[in-house]
Amino acid sequence: MDVPRPDLLAKKRKHRIITISAIVIGVVLATVGLSRLKPAVPSVDRSTVWIDTVKRGPMVRQVRGLGTLVPEEIRWIPANTEGRVEKIIVRPGTQVEPDTEILEISSPELEQAAHDAELQAKAVEAELVTLRANLQRELLDQEATTAKVRSDYEQAKMERQTNDQLAKNGLVAELVYKTSKVKEAELANRNEIEQKRLNFARDSIEPQLASKQAAVDQAKQLAKLKLDQVEALHVRAGMSGVLQQLPVEIGQRVKVADNLARVADPTKLKAQVKIAETQAKDIQINQQAVIDTRNGVAKGHVMRVDPAVEQGTVTVDVAFDEPLPSGARPDLSIDGTIELERLNEVIYVGRPAFGQENNTVGIFKLVGGSEAVRAAVKLGKSSVNTIEILDGLQPGDQVILSDTSAWETRERIRLK
């Protein structure tokens with residue numbers, strides 16, 4: 001027969017509660033402990049990262065960009081009139097001289113206009129000759145009239161002087177004497193008037209001829225312009241060089257100012273380098289540059305900096321100070337490096353894959369040979385391959401310059 005034992009049941013319940021409580025407390029303590037544990041340090045293969053040593057000494061600031069070789073002298077030949085391309089004489093790539101004919105254009109309307117202008121010039125010139133003859137005839141007529149009036153005046157004057165003597169002796173009638181005096185006065189007045197007419201006729205010849213001469217010159221100039229336009233239908237190079245482009249074909253209609261051909265001198269080249277707008281702010285005229293043509297390098301200097309930004313780049317023209325390597329030709333792709341300045345006794349390191357100049361960035365610095373810790377580094381002026389260190393690193397420190405964005409949240413990594 002079983003005997004109930006209430007004390008044993010209470011002990012079992014108490015033991016169960018203690019066990020559960022212990023388990024709960026253990027889980028809580030374990031969770032807290034795990035939360036306070038530092039994450040495992042990630043491991044990185046040393047061969048996959050770029051490590052450089054911080055140095056002290058002179059640093060050359062440079063900027064680099066891609067570009068092309070272009071001729072210094074380029075001439076686009078425009079159409080001076082509307083017409084039709086009749087004949088193409090030379091093709092791109094041909095060596096040309098100033099009088100080399102490139103193509104021919106036909107324009108019957110222009111040829112007719114030139115013929116009409118030439119005839120008009122001849123007609124106006126004939127009018128000038130006629131006017132000069134008429135003015136000379138009128139001048140001669142006026143000279144004859146003036147001479148006749150002067151002769152009559154001199155005769156009347158002598159008659160009056162004679163009558164003066166006769167009148168004193170009472171040998172001439174009073175009426176005759178007065179008539180001689182009136183006649184002399186009239187002819188003296190006519191003589192003065194005719195003399196003024198003669199002077200006016202002489203003075204007016206040049207203005208009238210000058211006015212007609214201006215019309216003649218204008219007509220000749222127009223005729224010459226039309227003839228020059230006709231001559232320009234034979235399109236010539238206008239300079240020594242190479243015909244580079246010919247954007248027209250036989251039978252094509254062209255309008256005034258359309259580009260017909262492009263001629264350039266391939267012996268005088270310059271480099272046009274595209275520099276990122278963020279790096280172009282310190283570029284100045286006459287700074288030294290080195291141009292790599294892939295067949296060799298040539299030194300030069302900056303001759304022009306484009307004031308405008310195009311597609312995020314600034315165009316810089318570089319003139320060469322020495323002969324170009326063999327194989328250099330227009331439109332050849334080149335790599336240009338421009339020297340901005342030389343810094344003496346600065347702390348510098350290879351340019352990291354992240355961070356811009358005059359900013360503070362986090363860079364992993366090697367400690368103990370197998371680990372790297374993040375250090376706040378203040379960067380200064382930058383170059384193509386190096387950047388100045390203002391604070392956070394010392395000469396001899398080794399740092400990781402590769403992209404470390406994968407460990408952005410980590411303060412320490414291990415190198416294997």
# chains A, B, ... in the order shown; residues from 1 in each chain; ligands from 1

$ residues_around --residues "Asp116 of chain A" --least-positions-apart "6" --cutoff "10 Å" --atoms "only C-alpha atoms" --output "VMD selection string"
chain A and resid 110 122 223 226

$ write_last_selection --atoms "N, CA and C atoms" --output "PDB file, in the first residue's frame"
ATOM      1  N   LEU A 110      26.570  82.895-112.193  1.00  0.00           N
ATOM      2  CA  LEU A 110      27.678  83.742-111.779  1.00  0.00           C
ATOM      3  C   LEU A 110      28.495  84.201-112.977  1.00  0.00           C
ATOM      4  N   LYS A 122      32.684  98.934-118.351  1.00  0.00           N
ATOM      5  CA  LYS A 122      33.144  99.586-119.571  1.00  0.00           C
ATOM      6  C   LYS A 122      32.227 100.739-119.961  1.00  0.00           C
ATOM      7  N   ALA A 223      32.910  94.394-110.992  1.00  0.00           N
ATOM      8  CA  ALA A 223      33.316  93.473-112.053  1.00  0.00           C
ATOM      9  C   ALA A 223      34.461  92.576-111.588  1.00  0.00           C
ATOM     10  N   LYS A 226      33.126  89.906-109.248  1.00  0.00           N
ATOM     11  CA  LYS A 226      32.469  88.825-109.990  1.00  0.00           C
ATOM     12  C   LYS A 226      33.492  87.939-110.688  1.00  0.00           C
TER      13      LYS A 226
END

$ closest_residue --among "A:Lys381, A:Lys365, A:Arg329, A:Lys181" --to "Leu69 of chain A" --atoms "only C-alpha atoms"
A:Arg329

$ select_by_dssp --residues "segment 191-337 of chain A" --states "helix (DSSP H, G or I)" --output "PDB file with N, CA and C atoms, in the first residue's frame"
ATOM      1  N   ASN A 191      32.966 141.686-117.901  1.00  0.00           N
ATOM      2  CA  ASN A 191      34.281 141.046-117.834  1.00  0.00           C
ATOM      3  C   ASN A 191      34.489 140.357-116.483  1.00  0.00           C
ATOM      4  N   GLU A 192      34.052 141.021-115.421  1.00  0.00           N
ATOM      5  CA  GLU A 192      34.174 140.416-114.082  1.00  0.00           C
ATOM      6  C   GLU A 192      33.301 139.177-113.954  1.00  0.00           C
ATOM      7  N   ILE A 193      32.065 139.257-114.500  1.00  0.00           N
ATOM      8  CA  ILE A 193      31.154 138.102-114.430  1.00  0.00           C
ATOM      9  C   ILE A 193      31.707 136.922-115.224  1.00  0.00           C
ATOM     10  N   GLU A 194      32.191 137.188-116.438  1.00  0.00           N
ATOM     11  CA  GLU A 194      32.704 136.103-117.277  1.00  0.00           C
ATOM     12  C   GLU A 194      33.962 135.485-116.658  1.00  0.00           C
ATOM     13  N   GLN A 195      34.752 136.316-115.989  1.00  0.00           N
ATOM     14  CA  GLN A 195      35.937 135.782-115.322  1.00  0.00           C
ATOM     15  C   GLN A 195      35.534 134.842-114.191  1.00  0.00           C
ATOM     16  N   LYS A 196      34.482 135.202-113.451  1.00  0.00           N
ATOM     17  CA  LYS A 196      33.972 134.320-112.394  1.00  0.00           C
ATOM     18  C   LYS A 196      33.428 133.022-112.984  1.00  0.00           C
ATOM     19  N   ARG A 197      32.722 133.139-114.125  1.00  0.00           N
ATOM     20  CA  ARG A 197      32.220 131.928-114.786  1.00  0.00           C
ATOM     21  C   ARG A 197      33.372 131.022-115.208  1.00  0.00           C
ATOM     22  N   LEU A 198      34.432 131.629-115.703  1.00  0.00           N
ATOM     23  CA  LEU A 198      35.590 130.836-116.117  1.00  0.00           C
ATOM     24  C   LEU A 198      36.214 130.116-114.922  1.00  0.00           C
ATOM     25  N   ASN A 199      36.375 130.858-113.814  1.00  0.00           N
ATOM     26  CA  ASN A 199      36.949 130.230-112.622  1.00  0.00           C
ATOM     27  C   ASN A 199      36.057 129.110-112.103  1.00  0.00           C
ATOM     28  N   PHE A 200      34.748 129.347-112.128  1.00  0.00           N
ATOM     29  CA  PHE A 200      33.812 128.316-111.667  1.00  0.00           C
ATOM     30  C   PHE A 200      33.878 127.082-112.556  1.00  0.00           C
ATOM     31  N   ALA A 201      33.951 127.319-113.876  1.00  0.00           N
ATOM     32  CA  ALA A 201      34.032 126.193-114.813  1.00  0.00           C
ATOM     33  C   ALA A 201      35.285 125.363-114.551  1.00  0.00           C
ATOM     34  N   ARG A 202      36.405 126.053-114.298  1.00  0.00           N
ATOM     35  CA  ARG A 202      37.637 125.330-114.021  1.00  0.00           C
ATOM     36  C   ARG A 202      37.546 124.553-112.701  1.00  0.00           C
ATOM     37  N   ASP A 203      36.988 125.198-111.669  1.00  0.00           N
ATOM     38  CA  ASP A 203      36.915 124.548-110.351  1.00  0.00           C
ATOM     39  C   ASP A 203      35.919 123.404-110.303  1.00  0.00           C
ATOM     40  N   SER A 204      34.904 123.430-111.166  1.00  0.00           N
ATOM     41  CA  SER A 204      33.863 122.394-111.108  1.00  0.00           C
ATOM     42  C   SER A 204      34.216 121.145-111.902  1.00  0.00           C
ATOM     43  N   ILE A 205      35.296 121.225-112.675  1.00  0.00           N
ATOM     44  CA  ILE A 205      35.660 120.062-113.491  1.00  0.00           C
ATOM     45  C   ILE A 205      36.069 118.881-112.609  1.00  0.00           C
ATOM     46  N   GLU A 206      36.965 119.121-111.658  1.00  0.00           N
ATOM     47  CA  GLU A 206      37.471 118.031-110.825  1.00  0.00           C
ATOM     48  C   GLU A 206      36.380 117.347-110.005  1.00  0.00           C
ATOM     49  N   PRO A 207      35.479 118.104-109.312  1.00  0.00           N
ATOM     50  CA  PRO A 207      34.405 117.416-108.570  1.00  0.00           C
ATOM     51  C   PRO A 207      33.514 116.547-109.458  1.00  0.00           C
ATOM     52  N   GLN A 208      33.178 117.075-110.647  1.00  0.00           N
ATOM     53  CA  GLN A 208      32.327 116.280-111.537  1.00  0.00           C
ATOM     54  C   GLN A 208      33.042 115.027-112.017  1.00  0.00           C
ATOM     55  N   LEU A 209      34.332 115.184-112.342  1.00  0.00           N
ATOM     56  CA  LEU A 209      35.100 114.014-112.775  1.00  0.00           C
ATOM     57  C   LEU A 209      35.305 113.039-111.621  1.00  0.00           C
ATOM     58  N   ALA A 210      35.517 113.582-110.401  1.00  0.00           N
ATOM     59  CA  ALA A 210      35.714 112.701-109.241  1.00  0.00           C
ATOM     60  C   ALA A 210      34.468 111.885-108.958  1.00  0.00           C
ATOM     61  N   SER A 211      33.292 112.519-109.078  1.00  0.00           N
ATOM     62  CA  SER A 211      32.045 111.802-108.851  1.00  0.00           C
ATOM     63  C   SER A 211      31.865 110.671-109.863  1.00  0.00           C
ATOM     64  N   LYS A 212      32.155 110.983-111.125  1.00  0.00           N
ATOM     65  CA  LYS A 212      32.020 109.947-112.161  1.00  0.00           C
ATOM     66  C   LYS A 212      33.099 108.886-112.003  1.00  0.00           C
ATOM     67  N   GLN A 213      34.317 109.323-111.566  1.00  0.00           N
ATOM     68  CA  GLN A 213      35.390 108.356-111.356  1.00  0.00           C
ATOM     69  C   GLN A 213      35.036 107.378-110.252  1.00  0.00           C
ATOM     70  N   ALA A 214      34.334 107.868-109.215  1.00  0.00           N
ATOM     71  CA  ALA A 214      33.899 106.976-108.143  1.00  0.00           C
ATOM     72  C   ALA A 214      32.934 105.929-108.683  1.00  0.00           C
ATOM     73  N   ALA A 215      32.034 106.349-109.560  1.00  0.00           N
ATOM     74  CA  ALA A 215      31.104 105.391-110.169  1.00  0.00           C
ATOM     75  C   ALA A 215      31.864 104.373-111.014  1.00  0.00           C
ATOM     76  N   VAL A 216      32.903 104.842-111.722  1.00  0.00           N
ATOM     77  CA  VAL A 216      33.719 103.927-112.525  1.00  0.00           C
ATOM     78  C   VAL A 216      34.444 102.930-111.632  1.00  0.00           C
ATOM     79  N   ASP A 217      35.053 103.443-110.538  1.00  0.00           N
ATOM     80  CA  ASP A 217      35.764 102.545-109.618  1.00  0.00           C
ATOM     81  C   ASP A 217      34.824 101.516-109.008  1.00  0.00           C
ATOM     82  N   GLN A 218      33.620 101.950-108.652  1.00  0.00           N
ATOM     83  CA  GLN A 218      32.645 101.028-108.080  1.00  0.00           C
ATOM     84  C   GLN A 218      32.268  99.940-109.077  1.00  0.00           C
ATOM     85  N   ALA A 219      32.046 100.349-110.319  1.00  0.00           N
ATOM     86  CA  ALA A 219      31.689  99.361-111.350  1.00  0.00           C
ATOM     87  C   ALA A 219      32.842  98.400-111.607  1.00  0.00           C
ATOM     88  N   LYS A 220      34.087  98.934-111.630  1.00  0.00           N
ATOM     89  CA  LYS A 220      35.242  98.057-111.830  1.00  0.00           C
ATOM     90  C   LYS A 220      35.418  97.089-110.666  1.00  0.00           C
ATOM     91  N   GLN A 221      35.191  97.598-109.447  1.00  0.00           N
ATOM     92  CA  GLN A 221      35.331  96.741-108.278  1.00  0.00           C
ATOM     93  C   GLN A 221      34.308  95.613-108.299  1.00  0.00           C
ATOM     94  N   LEU A 222      33.085  95.953-108.687  1.00  0.00           N
ATOM     95  CA  LEU A 222      32.049  94.921-108.790  1.00  0.00           C
ATOM     96  C   LEU A 222      32.413  93.899-109.857  1.00  0.00           C
ATOM     97  N   ALA A 223      32.910  94.394-110.992  1.00  0.00           N
ATOM     98  CA  ALA A 223      33.316  93.473-112.053  1.00  0.00           C
ATOM     99  C   ALA A 223      34.461  92.576-111.588  1.00  0.00           C
ATOM    100  N   LYS A 224      35.431  93.174-110.852  1.00  0.00           N
ATOM    101  CA  LYS A 224      36.550  92.374-110.341  1.00  0.00           C
ATOM    102  C   LYS A 224      36.062  91.327-109.348  1.00  0.00           C
ATOM    103  N   LEU A 225      35.106  91.719-108.476  1.00  0.00           N
ATOM    104  CA  LEU A 225      34.557  90.775-107.508  1.00  0.00           C
ATOM    105  C   LEU A 225      33.906  89.596-108.220  1.00  0.00           C
ATOM    106  N   LYS A 226      33.126  89.906-109.248  1.00  0.00           N
ATOM    107  CA  LYS A 226      32.469  88.825-109.990  1.00  0.00           C
ATOM    108  C   LYS A 226      33.492  87.939-110.688  1.00  0.00           C
ATOM    109  N   LEU A 227      34.541  88.571-111.253  1.00  0.00           N
ATOM    110  CA  LEU A 227      35.574  87.773-111.920  1.00  0.00           C
ATOM    111  C   LEU A 227      36.343  86.915-110.908  1.00  0.00           C
ATOM    112  N   ASP A 228      36.592  87.475-109.726  1.00  0.00           N
ATOM    113  CA  ASP A 228      37.251  86.692-108.684  1.00  0.00           C
ATOM    114  C   ASP A 228      36.391  85.514-108.255  1.00  0.00           C
ATOM    115  N   GLN A 229      35.077  85.746-108.188  1.00  0.00           N
ATOM    116  CA  GLN A 229      34.174  84.652-107.834  1.00  0.00           C
ATOM    117  C   GLN A 229      34.175  83.571-108.913  1.00  0.00           C
ATOM    118  N   VAL A 230      34.246  84.006-110.162  1.00  0.00           N
ATOM    119  CA  VAL A 230      34.338  83.021-111.252  1.00  0.00           C
ATOM    120  C   VAL A 230      35.647  82.249-111.139  1.00  0.00           C
ATOM    121  N   GLU A 231      36.736  82.967-110.855  1.00  0.00           N
ATOM    122  CA  GLU A 231      38.026  82.296-110.698  1.00  0.00           C
ATOM    123  C   GLU A 231      37.996  81.345-109.503  1.00  0.00           C
TER     124      GLU A 231
END

$ atom_distance --atom1 "atom CA of Ile74 of chain A" --atom2 "atom CA of Asp331 of chain A"
12.8 Å

$ closest_residue --among "A:Gly65, A:Gly238, A:Pro42, A:Gly57" --to "Gly336 of chain A" --atoms "only C-alpha atoms"
A:Gly65

$ select_by_dssp --residues "segment 149-358 of chain A" --states "strand (DSSP E)" --output "PyMOL selection string"
chain A and resi 234-236+241-245+253-254+259-264+269-276+288-292+297-305+313-320+333-350

$ atom_distance --atom1 "atom CA of Arg84 of chain A" --atom2 "atom CA of Ser107 of chain A"
6.8 Å

$ atom_distance --atom1 "atom CA of Val263 of chain A" --atom2 "atom CA of Ile89 of chain A"
14.5 Å

$ closest_residue --among "A:Lys178, A:Ser240, A:Leu187, A:Ala126" --to "Glu154 of chain A" --atoms "only C-alpha atoms"
A:Leu187

$ residues_around --residues "Val41 of chain A" --least-positions-apart "4" --cutoff "9 Å" --atoms "only C-alpha atoms" --output "ChimeraX atom specification"
/A:410-414

$ closest_residue --among "A:Asp45, A:Asp403, A:Asp152, A:Asp164" --to "Ala188 of chain A" --atoms "only C-alpha atoms"
A:Asp152

$ closest_atom_pairs --of "segment 43-116 of chain A" --to "segment 249-258 of chain A" --cutoff "7 Å" --atoms "only C-alpha atoms" --output "Markdown table"
| residue | atom | partner | partner_atom | distance |
| --- | --- | --- | --- | --- |
| A:Pro78 | CA | A:Ala257 | CA | 5.0 |
| A:Ala79 | CA | A:Ala257 | CA | 5.0 |
| A:Asn80 | CA | A:Val256 | CA | 5.3 |
| A:Thr81 | CA | A:Val256 | CA | 4.7 |
| A:Glu82 | CA | A:Lys255 | CA | 4.5 |
| A:Gly83 | CA | A:Val254 | CA | 5.6 |
| A:Arg84 | CA | A:Arg253 | CA | 4.5 |
| A:Val85 | CA | A:Ile250 | CA | 5.1 |
| A:Glu86 | CA | A:Ile250 | CA | 5.7 |
| A:Lys87 | CA | A:Ile250 | CA | 6.0 |
| A:Ile88 | CA | A:Ile250 | CA | 6.8 |

$ write_last_selection --atoms "N, CA and C atoms" --output "PDB file, in the first residue's frame"
ATOM      1  N   PRO A  78      35.995  77.579 -98.026  1.00  0.00           N
ATOM      2  CA  PRO A  78      34.534  77.659 -98.181  1.00  0.00           C
ATOM      3  C   PRO A  78      34.135  77.952 -99.625  1.00  0.00           C
ATOM      4  N   ALA A  79      32.885  77.687 -99.922  1.00  0.00           N
ATOM      5  CA  ALA A  79      32.331  78.039-101.232  1.00  0.00           C
ATOM      6  C   ALA A  79      31.966  79.518-101.225  1.00  0.00           C
ATOM      7  N   ASN A  80      32.411  80.251-102.266  1.00  0.00           N
ATOM      8  CA  ASN A  80      32.111  81.679-102.357  1.00  0.00           C
ATOM      9  C   ASN A  80      30.787  81.962-103.049  1.00  0.00           C
ATOM     10  N   THR A  81      30.212  80.949-103.670  1.00  0.00           N
ATOM     11  CA  THR A  81      28.950  81.130-104.371  1.00  0.00           C
ATOM     12  C   THR A  81      28.251  79.789-104.499  1.00  0.00           C
ATOM     13  N   GLU A  82      26.986  79.832-104.850  1.00  0.00           N
ATOM     14  CA  GLU A  82      26.264  78.588-105.102  1.00  0.00           C
ATOM     15  C   GLU A  82      26.726  77.990-106.432  1.00  0.00           C
ATOM     16  N   GLY A  83      26.717  76.684-106.489  1.00  0.00           N
ATOM     17  CA  GLY A  83      27.133  76.031-107.725  1.00  0.00           C
ATOM     18  C   GLY A  83      27.046  74.521-107.612  1.00  0.00           C
ATOM     19  N   ARG A  84      27.570  73.862-108.622  1.00  0.00           N
ATOM     20  CA  ARG A  84      27.541  72.406-108.706  1.00  0.00           C
ATOM     21  C   ARG A  84      28.960  71.896-108.887  1.00  0.00           C
ATOM     22  N   VAL A  85      29.323  70.870-108.114  1.00  0.00           N
ATOM     23  CA  VAL A  85      30.662  70.290-108.211  1.00  0.00           C
ATOM     24  C   VAL A  85      30.768  69.524-109.525  1.00  0.00           C
ATOM     25  N   GLU A  86      31.659  70.005-110.405  1.00  0.00           N
ATOM     26  CA  GLU A  86      31.815  69.399-111.723  1.00  0.00           C
ATOM     27  C   GLU A  86      32.943  68.370-111.773  1.00  0.00           C
ATOM     28  N   LYS A  87      34.024  68.656-111.035  1.00  0.00           N
ATOM     29  CA  LYS A  87      35.207  67.798-111.159  1.00  0.00           C
ATOM     30  C   LYS A  87      36.007  67.837-109.876  1.00  0.00           C
ATOM     31  N   ILE A  88      36.462  66.672-109.414  1.00  0.00           N
ATOM     32  CA  ILE A  88      37.372  66.567-108.272  1.00  0.00           C
ATOM     33  C   ILE A  88      38.736  66.166-108.806  1.00  0.00           C
TER      34      ILE A  88
END

$ residues_around --residues "Gln62 of chain A" --least-positions-apart "5" --cutoff "12 Å" --atoms "only C-alpha atoms" --output "list in words"
Ile275, Gln279, Ala280, Asp282, Ile283, Gln287, Gln288, Ala289, Val290, Gly336, Thr337, Ile338, Glu339, Leu340, Glu341, Arg342, Leu343, Lys381, Ser382, Ser383, Val384, Asn385, Thr386 and Ile387 of chain A

$ write_last_selection --atoms "C-alpha atoms" --output "CSV table (one decimal), in the first residue's frame"
chain,number,residue,atom,x,y,z
A,275,ILE,CA,42.4,67.2,-68.6
A,279,GLN,CA,42.6,68.7,-62.1
A,280,ALA,CA,42.9,71.7,-64.5
A,282,ASP,CA,46.3,74.8,-61.5
A,283,ILE,CA,47.4,74.7,-65.1
A,287,GLN,CA,54.2,75.0,-67.8
A,288,GLN,CA,56.3,72.1,-68.9
A,289,ALA,CA,54.7,69.1,-70.5
A,290,VAL,CA,55.7,65.7,-71.8
A,336,GLY,CA,50.1,64.1,-72.1
A,337,THR,CA,51.6,64.8,-68.7
A,338,ILE,CA,51.8,68.4,-67.5
A,339,GLU,CA,54.1,69.5,-64.6
A,340,LEU,CA,52.3,71.8,-62.2
A,341,GLU,CA,55.0,72.5,-59.6
A,342,ARG,CA,57.8,70.9,-57.5
A,343,LEU,CA,57.3,70.6,-53.8
A,381,LYS,CA,48.2,68.4,-52.8
A,382,SER,CA,48.0,65.5,-55.3
A,383,SER,CA,49.8,64.5,-58.4
A,384,VAL,CA,49.3,61.7,-61.0
A,385,ASN,CA,50.8,58.9,-58.9
A,386,THR,CA,51.5,60.6,-55.5
A,387,ILE,CA,49.8,62.7,-52.9

$ decode --residues "segment 115-140 of chain A" --atoms "N, CA and C atoms" --output "PDB file, in the first residue's frame"
ATOM      1  N   HIS A 115      29.994  88.690-116.583  1.00  0.00           N
ATOM      2  CA  HIS A 115      30.031  89.300-117.918  1.00  0.00           C
ATOM      3  C   HIS A 115      29.266  90.614-117.929  1.00  0.00           C
ATOM      4  N   ASP A 116      28.078  90.628-117.307  1.00  0.00           N
ATOM      5  CA  ASP A 116      27.285  91.860-117.241  1.00  0.00           C
ATOM      6  C   ASP A 116      28.017  92.945-116.459  1.00  0.00           C
ATOM      7  N   ALA A 117      28.657  92.575-115.361  1.00  0.00           N
ATOM      8  CA  ALA A 117      29.377  93.559-114.552  1.00  0.00           C
ATOM      9  C   ALA A 117      30.553  94.142-115.320  1.00  0.00           C
ATOM     10  N   GLU A 118      31.211  93.327-116.136  1.00  0.00           N
ATOM     11  CA  GLU A 118      32.325  93.818-116.943  1.00  0.00           C
ATOM     12  C   GLU A 118      31.846  94.818-117.993  1.00  0.00           C
ATOM     13  N   LEU A 119      30.717  94.504-118.645  1.00  0.00           N
ATOM     14  CA  LEU A 119      30.164  95.423-119.628  1.00  0.00           C
ATOM     15  C   LEU A 119      29.717  96.729-118.971  1.00  0.00           C
ATOM     16  N   GLN A 120      29.109  96.626-117.785  1.00  0.00           N
ATOM     17  CA  GLN A 120      28.675  97.822-117.075  1.00  0.00           C
ATOM     18  C   GLN A 120      29.865  98.700-116.710  1.00  0.00           C
ATOM     19  N   ALA A 121      30.959  98.092-116.319  1.00  0.00           N
ATOM     20  CA  ALA A 121      32.154  98.862-115.980  1.00  0.00           C
ATOM     21  C   ALA A 121      32.695  99.593-117.200  1.00  0.00           C
ATOM     22  N   LYS A 122      32.684  98.934-118.351  1.00  0.00           N
ATOM     23  CA  LYS A 122      33.144  99.586-119.571  1.00  0.00           C
ATOM     24  C   LYS A 122      32.227 100.739-119.961  1.00  0.00           C
ATOM     25  N   ALA A 123      30.906 100.559-119.771  1.00  0.00           N
ATOM     26  CA  ALA A 123      29.971 101.628-120.112  1.00  0.00           C
ATOM     27  C   ALA A 123      30.169 102.850-119.227  1.00  0.00           C
ATOM     28  N   VAL A 124      30.344 102.634-117.934  1.00  0.00           N
ATOM     29  CA  VAL A 124      30.558 103.753-117.019  1.00  0.00           C
ATOM     30  C   VAL A 124      31.879 104.435-117.308  1.00  0.00           C
ATOM     31  N   GLU A 125      32.896 103.670-117.701  1.00  0.00           N
ATOM     32  CA  GLU A 125      34.186 104.263-118.044  1.00  0.00           C
ATOM     33  C   GLU A 125      34.067 105.120-119.306  1.00  0.00           C
ATOM     34  N   ALA A 126      33.252 104.670-120.261  1.00  0.00           N
ATOM     35  CA  ALA A 126      33.021 105.469-121.465  1.00  0.00           C
ATOM     36  C   ALA A 126      32.294 106.767-121.125  1.00  0.00           C
ATOM     37  N   GLU A 127      31.354 106.686-120.184  1.00  0.00           N
ATOM     38  CA  GLU A 127      30.661 107.897-119.755  1.00  0.00           C
ATOM     39  C   GLU A 127      31.628 108.887-119.124  1.00  0.00           C
ATOM     40  N   LEU A 128      32.617 108.373-118.387  1.00  0.00           N
ATOM     41  CA  LEU A 128      33.621 109.249-117.801  1.00  0.00           C
ATOM     42  C   LEU A 128      34.422 109.972-118.884  1.00  0.00           C
ATOM     43  N   VAL A 129      34.807 109.235-119.936  1.00  0.00           N
ATOM     44  CA  VAL A 129      35.564 109.847-121.024  1.00  0.00           C
ATOM     45  C   VAL A 129      34.727 110.925-121.701  1.00  0.00           C
ATOM     46  N   THR A 130      33.436 110.629-121.937  1.00  0.00           N
ATOM     47  CA  THR A 130      32.549 111.611-122.569  1.00  0.00           C
ATOM     48  C   THR A 130      32.381 112.850-121.702  1.00  0.00           C
ATOM     49  N   LEU A 131      32.203 112.633-120.406  1.00  0.00           N
ATOM     50  CA  LEU A 131      32.041 113.763-119.497  1.00  0.00           C
ATOM     51  C   LEU A 131      33.288 114.631-119.481  1.00  0.00           C
ATOM     52  N   ARG A 132      34.465 114.016-119.485  1.00  0.00           N
ATOM     53  CA  ARG A 132      35.705 114.795-119.475  1.00  0.00           C
ATOM     54  C   ARG A 132      35.811 115.641-120.749  1.00  0.00           C
ATOM     55  N   ALA A 133      35.435 115.052-121.886  1.00  0.00           N
ATOM     56  CA  ALA A 133      35.494 115.805-123.144  1.00  0.00           C
ATOM     57  C   ALA A 133      34.504 116.975-123.136  1.00  0.00           C
ATOM     58  N   ASN A 134      33.279 116.731-122.656  1.00  0.00           N
ATOM     59  CA  ASN A 134      32.268 117.798-122.614  1.00  0.00           C
ATOM     60  C   ASN A 134      32.711 118.931-121.696  1.00  0.00           C
ATOM     61  N   LEU A 135      33.275 118.577-120.552  1.00  0.00           N
ATOM     62  CA  LEU A 135      33.721 119.613-119.625  1.00  0.00           C
ATOM     63  C   LEU A 135      34.867 120.421-120.217  1.00  0.00           C
ATOM     64  N   GLN A 136      35.771 119.754-120.920  1.00  0.00           N
ATOM     65  CA  GLN A 136      36.861 120.468-121.567  1.00  0.00           C
ATOM     66  C   GLN A 136      36.333 121.404-122.658  1.00  0.00           C
ATOM     67  N   ARG A 137      35.335 120.940-123.431  1.00  0.00           N
ATOM     68  CA  ARG A 137      34.748 121.803-124.466  1.00  0.00           C
ATOM     69  C   ARG A 137      34.054 123.015-123.846  1.00  0.00           C
ATOM     70  N   GLU A 138      33.292 122.765-122.769  1.00  0.00           N
ATOM     71  CA  GLU A 138      32.610 123.871-122.110  1.00  0.00           C
ATOM     72  C   GLU A 138      33.611 124.877-121.538  1.00  0.00           C
ATOM     73  N   LEU A 139      34.733 124.359-121.045  1.00  0.00           N
ATOM     74  CA  LEU A 139      35.748 125.245-120.506  1.00  0.00           C
ATOM     75  C   LEU A 139      36.361 126.100-121.609  1.00  0.00           C
ATOM     76  N   LEU A 140      36.629 125.470-122.755  1.00  0.00           N
ATOM     77  CA  LEU A 140      37.185 126.235-123.879  1.00  0.00           C
ATOM     78  C   LEU A 140      36.201 127.298-124.349  1.00  0.00           C
TER      79      LEU A 140
END
